[in-house]
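One structure below.
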Amino acid sequence: MTSLVQHITVDCSDAYELARFWAQVLGASVSDDDEPGDPEALVETPAAALLFVTVPEPKRAKNRVHLDVRPDDRTRDEEVERLLALGAVLVADHRRPDGRGWVTLADPEGNEFCVECGAAERAALTGARLPVTADDVALAVRLAADTLSGAADADWEVPAGGLTWDCWETVEHLSDDLFAYAVQLGPRRPPQDREVPFRYAARRPGGPSNSVFADPAAGTAGLLQTLEAAGALLTAMVRTTPSDVRSHHVFGLSDPEGFAAMGVVETLVHTHDVAAGLSLSWVPPRDLCDRVLARLFPEAPDDEDRWTVLLWSTGRADLPGRGRVTSWKWHGAPL
């Protein structure tokens, strides 16, 4: 048996006020159960839970334990400026001329913490590729659902782009893909030579063989709920499965990052198919396309628009000077 970290607990003079500061740092919120003046206040994020406890003793020396934070969507230097504006105080500047290093700040009660480079900056500095993450799966599914909801009243029985399936069936297939990738990571001993044995069947001859089907009576809103739910399953499994786990895929054993990248690619290209059938505009983020190309299509051209390259890699677009892809597979094995 082992122990799990329940909270990171911080002693302070005003629990609620310090929790408000850290909620802004982390893009979270103070627990609904906590109010100004309470002796404790909780801030929860997917990565950590911070519990602030009011104590009578003042802080007297440098903390022996501190937090290191890194920005998700901005540079280290931009994040330092944001945190200073929130009320942090500069303690020490350890930034180097080559772009590496960190900045030590203190929160409004003097607790030291460090701001490091985010993943994108680290990759740029080292030349490493950025990994595909659970957050990428969540982002792709959210953008897809938001886009497709713009055609809720359309005819979803029209063909999805160049596919033989209609738009409803294609979203069902996408939901099923996300579900299937999630469950491959679920068993205590993930299968190494087969899929987890759920039953797959087609609703009609020529339709996709799925385990997941949406209830037609629930309408388009219900269909998109199944997409969001399946995406949430894959997001959770990628986030919680150890990186050394391997499981079967028809293109070879893969790891949690590989299944995340597969889910993102399926979401991006099948939303393209459905958007074409419903006359919707769909252009996913360039950096998201770049990450999944680096993970699953490492030999893909790197001198063209990343979304166009992903469509070309999956047989859906042309690239100047290159033949049309008619048969393709991705590189699922860990890099």
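Ordered as shown in the structure tokens, chains take letters A, B, and onward, while each chain numbers its residues from 1 and ligands are numbered from 1 in the order shown.
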
Within 10 Å of Glu79 in chain A using only C-alpha atoms, minus same-chain residues under 6 positions, as an NGL selection string = :A and (25 or 69-73 or 85 or 115-118)

What lies within 12 Å of Arg322 in chain A using only C-alpha atoms, ignoring chain neighbours under 6 positions off, as number ranges by chain?
-> A: 300-301, 304, 309, 312-313, 315

File dump, residues just selected, N, CA, C and O atoms, as a PDB file, in the first residue's frame:
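The result, written out as part15.pdb:
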ATOM      1  N   ALA A 300       6.484  13.409 -41.956  1.00  0.00           N
ATOM      2  CA  ALA A 300       5.668  14.320 -42.754  1.00  0.00           C
ATOM      3  C   ALA A 300       6.444  15.582 -43.091  1.00  0.00           C
ATOM      4  O   ALA A 300       7.339  16.002 -42.342  1.00  0.00           O
ATOM      5  N   PRO A 301       6.145  16.224 -44.215  1.00  0.00           N
ATOM      6  CA  PRO A 301       6.854  17.470 -44.582  1.00  0.00           C
ATOM      7  C   PRO A 301       6.720  18.521 -43.480  1.00  0.00           C
ATOM      8  O   PRO A 301       5.649  18.651 -42.860  1.00  0.00           O
ATOM      9  N   GLU A 304       5.370  23.047 -44.868  1.00  0.00           N
ATOM     10  CA  GLU A 304       4.058  23.463 -45.345  1.00  0.00           C
ATOM     11  C   GLU A 304       3.139  23.723 -44.155  1.00  0.00           C
ATOM     12  O   GLU A 304       3.458  23.363 -43.015  1.00  0.00           O
ATOM     13  N   VAL A 309      -0.849  19.768 -43.989  1.00  0.00           N
ATOM     14  CA  VAL A 309      -0.014  18.567 -43.949  1.00  0.00           C
ATOM     15  C   VAL A 309      -0.738  17.427 -43.240  1.00  0.00           C
ATOM     16  O   VAL A 309      -0.664  16.264 -43.665  1.00  0.00           O
ATOM     17  N   TRP A 312      -3.226  16.132 -45.643  1.00  0.00           N
ATOM     18  CA  TRP A 312      -2.524  15.352 -46.673  1.00  0.00           C
ATOM     19  C   TRP A 312      -2.092  13.996 -46.125  1.00  0.00           C
ATOM     20  O   TRP A 312      -2.231  12.966 -46.800  1.00  0.00           O
ATOM     21  N   SER A 313      -1.585  13.968 -44.900  1.00  0.00           N
ATOM     22  CA  SER A 313      -1.095  12.726 -44.312  1.00  0.00           C
ATOM     23  C   SER A 313      -2.197  11.701 -44.131  1.00  0.00           C
ATOM     24  O   SER A 313      -1.931  10.492 -44.080  1.00  0.00           O
ATOM     25  N   GLY A 315      -4.848  11.521 -46.234  1.00  0.00           N
ATOM     26  CA  GLY A 315      -5.519  11.318 -47.516  1.00  0.00           C
ATOM     27  C   GLY A 315      -6.633  12.278 -47.823  1.00  0.00           C
ATOM     28  O   GLY A 315      -7.495  11.978 -48.656  1.00  0.00           O
TER      29      GLY A 315
END

Residue contacts of Val196 in chain A (12 Å, only C-alpha atoms) excluding same-chain residues fewer than 4 positions away, as a PyMOL selection string = chain A and resi 179-192+200+211+247-249

File of the preceding selection, N, CA, C and O atoms, as a PDB file, in the first residue's frame:
ATOM      1  N   PHE A 179     -13.572   6.493 -27.229  1.00  0.00           N
ATOM      2  CA  PHE A 179     -13.895   5.479 -26.228  1.00  0.00           C
ATOM      3  C   PHE A 179     -12.928   4.293 -26.333  1.00  0.00           C
ATOM      4  O   PHE A 179     -12.388   3.818 -25.330  1.00  0.00           O
ATOM      5  N   ALA A 180     -12.689   3.827 -27.554  1.00  0.00           N
ATOM      6  CA  ALA A 180     -11.846   2.651 -27.751  1.00  0.00           C
ATOM      7  C   ALA A 180     -10.408   2.912 -27.300  1.00  0.00           C
ATOM      8  O   ALA A 180      -9.774   2.041 -26.688  1.00  0.00           O
ATOM      9  N   TYR A 181      -9.888   4.096 -27.590  1.00  0.00           N
ATOM     10  CA  TYR A 181      -8.529   4.409 -27.154  1.00  0.00           C
ATOM     11  C   TYR A 181      -8.457   4.502 -25.629  1.00  0.00           C
ATOM     12  O   TYR A 181      -7.465   4.089 -25.021  1.00  0.00           O
ATOM     13  N   ALA A 182      -9.490   5.039 -25.024  1.00  0.00           N
ATOM     14  CA  ALA A 182      -9.507   5.147 -23.561  1.00  0.00           C
ATOM     15  C   ALA A 182      -9.504   3.775 -22.908  1.00  0.00           C
ATOM     16  O   ALA A 182      -8.734   3.518 -21.970  1.00  0.00           O
ATOM     17  N   VAL A 183     -10.355   2.864 -23.397  1.00  0.00           N
ATOM     18  CA  VAL A 183     -10.468   1.569 -22.725  1.00  0.00           C
ATOM     19  C   VAL A 183      -9.239   0.695 -22.960  1.00  0.00           C
ATOM     20  O   VAL A 183      -8.965  -0.201 -22.155  1.00  0.00           O
ATOM     21  N   GLN A 184      -8.459   0.955 -24.022  1.00  0.00           N
ATOM     22  CA  GLN A 184      -7.228   0.188 -24.200  1.00  0.00           C
ATOM     23  C   GLN A 184      -6.249   0.433 -23.055  1.00  0.00           C
ATOM     24  O   GLN A 184      -5.400  -0.408 -22.758  1.00  0.00           O
ATOM     25  N   LEU A 185      -6.357   1.579 -22.395  1.00  0.00           N
ATOM     26  CA  LEU A 185      -5.469   1.915 -21.287  1.00  0.00           C
ATOM     27  C   LEU A 185      -6.051   1.527 -19.932  1.00  0.00           C
ATOM     28  O   LEU A 185      -5.386   1.701 -18.905  1.00  0.00           O
ATOM     29  N   GLY A 186      -7.276   0.986 -19.918  1.00  0.00           N
ATOM     30  CA  GLY A 186      -7.984   0.783 -18.659  1.00  0.00           C
ATOM     31  C   GLY A 186      -7.636  -0.447 -17.847  1.00  0.00           C
ATOM     32  O   GLY A 186      -7.545  -0.370 -16.621  1.00  0.00           O
ATOM     33  N   PRO A 187      -7.435  -1.624 -18.462  1.00  0.00           N
ATOM     34  CA  PRO A 187      -7.192  -2.828 -17.662  1.00  0.00           C
ATOM     35  C   PRO A 187      -5.908  -2.732 -16.835  1.00  0.00           C
ATOM     36  O   PRO A 187      -4.968  -2.026 -17.213  1.00  0.00           O
ATOM     37  N   ARG A 188      -5.867  -3.481 -15.736  1.00  0.00           N
ATOM     38  CA  ARG A 188      -4.649  -3.518 -14.929  1.00  0.00           C
ATOM     39  C   ARG A 188      -3.469  -4.015 -15.745  1.00  0.00           C
ATOM     40  O   ARG A 188      -2.341  -3.562 -15.550  1.00  0.00           O
ATOM     41  N   ARG A 189      -3.748  -4.955 -16.638  1.00  0.00           N
ATOM     42  CA  ARG A 189      -2.723  -5.434 -17.572  1.00  0.00           C
ATOM     43  C   ARG A 189      -3.268  -5.211 -18.985  1.00  0.00           C
ATOM     44  O   ARG A 189      -3.928  -6.097 -19.550  1.00  0.00           O
ATOM     45  N   PRO A 190      -3.005  -4.051 -19.566  1.00  0.00           N
ATOM     46  CA  PRO A 190      -3.553  -3.756 -20.896  1.00  0.00           C
ATOM     47  C   PRO A 190      -3.154  -4.817 -21.914  1.00  0.00           C
ATOM     48  O   PRO A 190      -2.028  -5.324 -21.884  1.00  0.00           O
ATOM     49  N   PRO A 191      -4.059  -5.182 -22.807  1.00  0.00           N
ATOM     50  CA  PRO A 191      -3.753  -6.239 -23.783  1.00  0.00           C
ATOM     51  C   PRO A 191      -2.638  -5.824 -24.730  1.00  0.00           C
ATOM     52  O   PRO A 191      -2.574  -4.683 -25.177  1.00  0.00           O
ATOM     53  N   GLN A 192      -1.764  -6.775 -25.022  1.00  0.00           N
ATOM     54  CA  GLN A 192      -0.625  -6.513 -25.882  1.00  0.00           C
ATOM     55  C   GLN A 192      -0.836  -6.994 -27.313  1.00  0.00           C
ATOM     56  O   GLN A 192      -0.037  -6.638 -28.197  1.00  0.00           O
ATOM     57  N   TYR A 200     -18.555  -4.889 -31.193  1.00  0.00           N
ATOM     58  CA  TYR A 200     -18.710  -3.850 -32.201  1.00  0.00           C
ATOM     59  C   TYR A 200     -19.705  -4.332 -33.252  1.00  0.00           C
ATOM     60  O   TYR A 200     -19.665  -5.487 -33.676  1.00  0.00           O
ATOM     61  N   SER A 211     -19.029   0.383 -30.799  1.00  0.00           N
ATOM     62  CA  SER A 211     -19.656   0.023 -29.526  1.00  0.00           C
ATOM     63  C   SER A 211     -20.515   1.165 -29.014  1.00  0.00           C
ATOM     64  O   SER A 211     -21.424   0.960 -28.219  1.00  0.00           O
ATOM     65  N   SER A 247      -0.115  -0.599 -24.723  1.00  0.00           N
ATOM     66  CA  SER A 247      -1.320  -1.346 -25.049  1.00  0.00           C
ATOM     67  C   SER A 247      -1.428  -1.505 -26.556  1.00  0.00           C
ATOM     68  O   SER A 247      -0.820  -0.756 -27.336  1.00  0.00           O
ATOM     69  N   HIS A 248      -2.231  -2.486 -26.952  1.00  0.00           N
ATOM     70  CA  HIS A 248      -2.360  -2.849 -28.361  1.00  0.00           C
ATOM     71  C   HIS A 248      -3.065  -1.774 -29.171  1.00  0.00           C
ATOM     72  O   HIS A 248      -4.022  -1.151 -28.734  1.00  0.00           O
ATOM     73  N   HIS A 249      -2.560  -1.570 -30.364  1.00  0.00           N
ATOM     74  CA  HIS A 249      -3.267  -0.867 -31.434  1.00  0.00           C
ATOM     75  C   HIS A 249      -2.952  -1.615 -32.711  1.00  0.00           C
ATOM     76  O   HIS A 249      -1.897  -2.256 -32.827  1.00  0.00           O
TER      77      HIS A 249
END

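The spacing separating CA of Thr9 in chain A from CA of Leu50 in chain A amounts to 5.9 Å.
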
Between CA of Ala276 in chain A and CA of Ala160 in chain A, measure the distance and give it in Å to one decimal.
-> 6.5 Å

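Using only C-alpha atoms, the contacts of Asp32 in chain A at a cut-off of 10 Å, with sequence neighbours closer than 6 positions omitted, comprise A:Ala41, A:Leu42, A:Val43.
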
Just write the chosen residues, N, CA, C and O atoms, as a compact mmCIF listing (two decimals), in the first residue's frame.
# COMPACT_ATOMS: atom_id res chain seq x y z
N ALA A 41 -9.19 27.47 3.55
CA ALA A 41 -9.71 27.72 2.20
C ALA A 41 -8.99 26.80 1.24
O ALA A 41 -7.77 26.62 1.33
N LEU A 42 -9.73 26.22 0.30
CA LEU A 42 -9.20 25.20 -0.61
C LEU A 42 -9.25 25.70 -2.05
O LEU A 42 -10.25 26.26 -2.50
N VAL A 43 -8.15 25.48 -2.77
CA VAL A 43 -8.07 25.75 -4.20
C VAL A 43 -7.69 24.44 -4.87
O VAL A 43 -6.62 23.88 -4.58

Using only C-alpha atoms, which residues sit within 10 Å of Ala154 in chain A once same-chain residues fewer than 5 positions away are excluded, as a PDB file with N, CA and C atoms, in the first residue's frame?
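Wrote it out as part_30.pdb, contents follow:
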ATOM      1  N   SER A 149     -21.800  22.237 -33.053  1.00  0.00           N
ATOM      2  CA  SER A 149     -23.060  22.719 -32.483  1.00  0.00           C
ATOM      3  C   SER A 149     -23.633  23.871 -33.298  1.00  0.00           C
ATOM      4  N   THR A 220     -29.274  16.224 -32.053  1.00  0.00           N
ATOM      5  CA  THR A 220     -27.875  16.595 -32.234  1.00  0.00           C
ATOM      6  C   THR A 220     -27.191  16.921 -30.911  1.00  0.00           C
ATOM      7  N   GLY A 277     -19.484  18.379 -44.825  1.00  0.00           N
ATOM      8  CA  GLY A 277     -20.846  17.990 -45.144  1.00  0.00           C
ATOM      9  C   GLY A 277     -21.882  18.994 -44.700  1.00  0.00           C
ATOM     10  N   LEU A 278     -21.596  19.711 -43.614  1.00  0.00           N
ATOM     11  CA  LEU A 278     -22.565  20.670 -43.051  1.00  0.00           C
ATOM     12  C   LEU A 278     -22.244  22.115 -43.418  1.00  0.00           C
ATOM     13  N   SER A 279     -21.253  22.311 -44.288  1.00  0.00           N
ATOM     14  CA  SER A 279     -20.852  23.654 -44.739  1.00  0.00           C
ATOM     15  C   SER A 279     -20.424  24.549 -43.576  1.00  0.00           C
TER      16      SER A 279
END

Within range 14-155 of chain A, find each residue whose DSSP state, derived from the backbone, is strand (DSSP E or B), and express the selection as a list in words.
-> Val30, Glu40, Ala41, Leu42, Val43, Glu44, Ala49, Leu50, Leu51, Phe52, Val53, Thr54, Leu67, Asp68, Val69, Val89, Leu90, Val91, Ala92, Asp93, Val103, Thr104, Leu105, Ala106, Glu112, Phe113, Cys114 and Val115 of chain A

Include C-alpha atoms and write out the residues we just selected as an mmCIF file, in the first residue's frame.
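Output below, filename selection_6.cif:
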data_model
loop_
_atom_site.group_PDB
_atom_site.id
_atom_site.type_symbol
_atom_site.label_atom_id
_atom_site.label_comp_id
_atom_site.auth_asym_id
_atom_site.auth_seq_id
_atom_site.Cartn_x
_atom_site.Cartn_y
_atom_site.Cartn_z
ATOM 1 C CA VAL A 30 -11.688 29.046 -4.204
ATOM 2 C CA GLU A 40 -9.308 27.215 5.949
ATOM 3 C CA ALA A 41 -9.713 27.725 2.204
ATOM 4 C CA LEU A 42 -9.199 25.202 -0.612
ATOM 5 C CA VAL A 43 -8.072 25.748 -4.204
ATOM 6 C CA GLU A 44 -8.293 22.666 -6.428
ATOM 7 C CA ALA A 49 -4.973 20.897 -4.359
ATOM 8 C CA LEU A 50 -3.751 23.766 -2.179
ATOM 9 C CA LEU A 51 -5.188 24.069 1.316
ATOM 10 C CA PHE A 52 -4.608 27.360 3.103
ATOM 11 C CA VAL A 53 -4.885 27.351 6.903
ATOM 12 C CA THR A 54 -4.918 30.418 9.135
ATOM 13 C CA LEU A 67 6.028 25.541 -5.495
ATOM 14 C CA ASP A 68 7.463 25.746 -9.006
ATOM 15 C CA VAL A 69 4.944 26.983 -11.570
ATOM 16 C CA VAL A 89 6.868 40.347 -5.098
ATOM 17 C CA LEU A 90 10.199 39.765 -6.852
ATOM 18 C CA VAL A 91 12.670 37.886 -4.628
ATOM 19 C CA ALA A 92 15.446 36.845 -7.020
ATOM 20 C CA ASP A 93 15.986 36.805 -10.784
ATOM 21 C CA VAL A 103 12.408 33.818 -11.355
ATOM 22 C CA THR A 104 11.749 33.530 -7.623
ATOM 23 C CA LEU A 105 8.696 35.451 -6.424
ATOM 24 C CA ALA A 106 6.846 35.628 -3.114
ATOM 25 C CA GLU A 112 8.478 31.918 -2.045
ATOM 26 C CA PHE A 113 7.705 30.211 -5.359
ATOM 27 C CA CYS A 114 9.513 29.962 -8.693
ATOM 28 C CA VAL A 115 8.316 30.686 -12.233
#

Quick one: of A:Leu83, A:Ala260, A:Val158, A:Ala152, who's nearest to Gly222 in chain A, counting only C-alpha atoms?
-> A:Ala152

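Minimum distance to Arg142 in chain A across A:Val238, A:Leu268, A:Cys12, A:Ala202 (counting only C-alpha atoms) occurs at A:Leu268.
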
Record the distance separating CA of Arg122 in chain A and CA of Met237 in chain A, expressed in Å with one decimal.
->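 That distance, rounded to one decimal, is 25.4 Å.
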
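With only C-alpha atoms taken into account, the protein and nucleic acid residues at most 12 Å from Gly207 in chain A (excluding it and anything under 6 positions from it in its own chain) are Pro159, Leu163, Thr164, Trp165, Asp166, Cys167, Trp168, Glu169, Thr170, Val171, Glu172, His173, Tyr200, Ala201 and Phe213 of chain A.
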
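Minimum atom-to-atom distances from A:Gln225, A:Thr133, A:Ser281, A:Thr267 to Ser243 in chain A were compared using only C-alpha atoms, and the lowest value belongs to A:Thr133.
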
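The smallest atom-to-atom distance between Asp153 in chain A and any of A:Leu86, A:Val250, A:Ala119, A:Ala221, using only C-alpha atoms, is found for A:Ala221.
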
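Proximity of A:Asp287, A:Glu121, A:Asp136, A:Glu109 to Arg74 in chain A, computed with only C-alpha atoms, is greatest for A:Glu121.
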
Contacts of Leu125 in chain A at 9 Å (only C-alpha atoms; same-chain gap of 3+ positions) as a list of chain:residue names | A:Asp98, A:Gly99, A:Arg100, A:Ala120, A:Glu121, A:Arg122, A:Ala128

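Proximity of A:Asp155, A:Asp176, A:Glu17, A:Asp33 to Val212 in chain A, computed with only C-alpha atoms, is greatest for A:Asp176.
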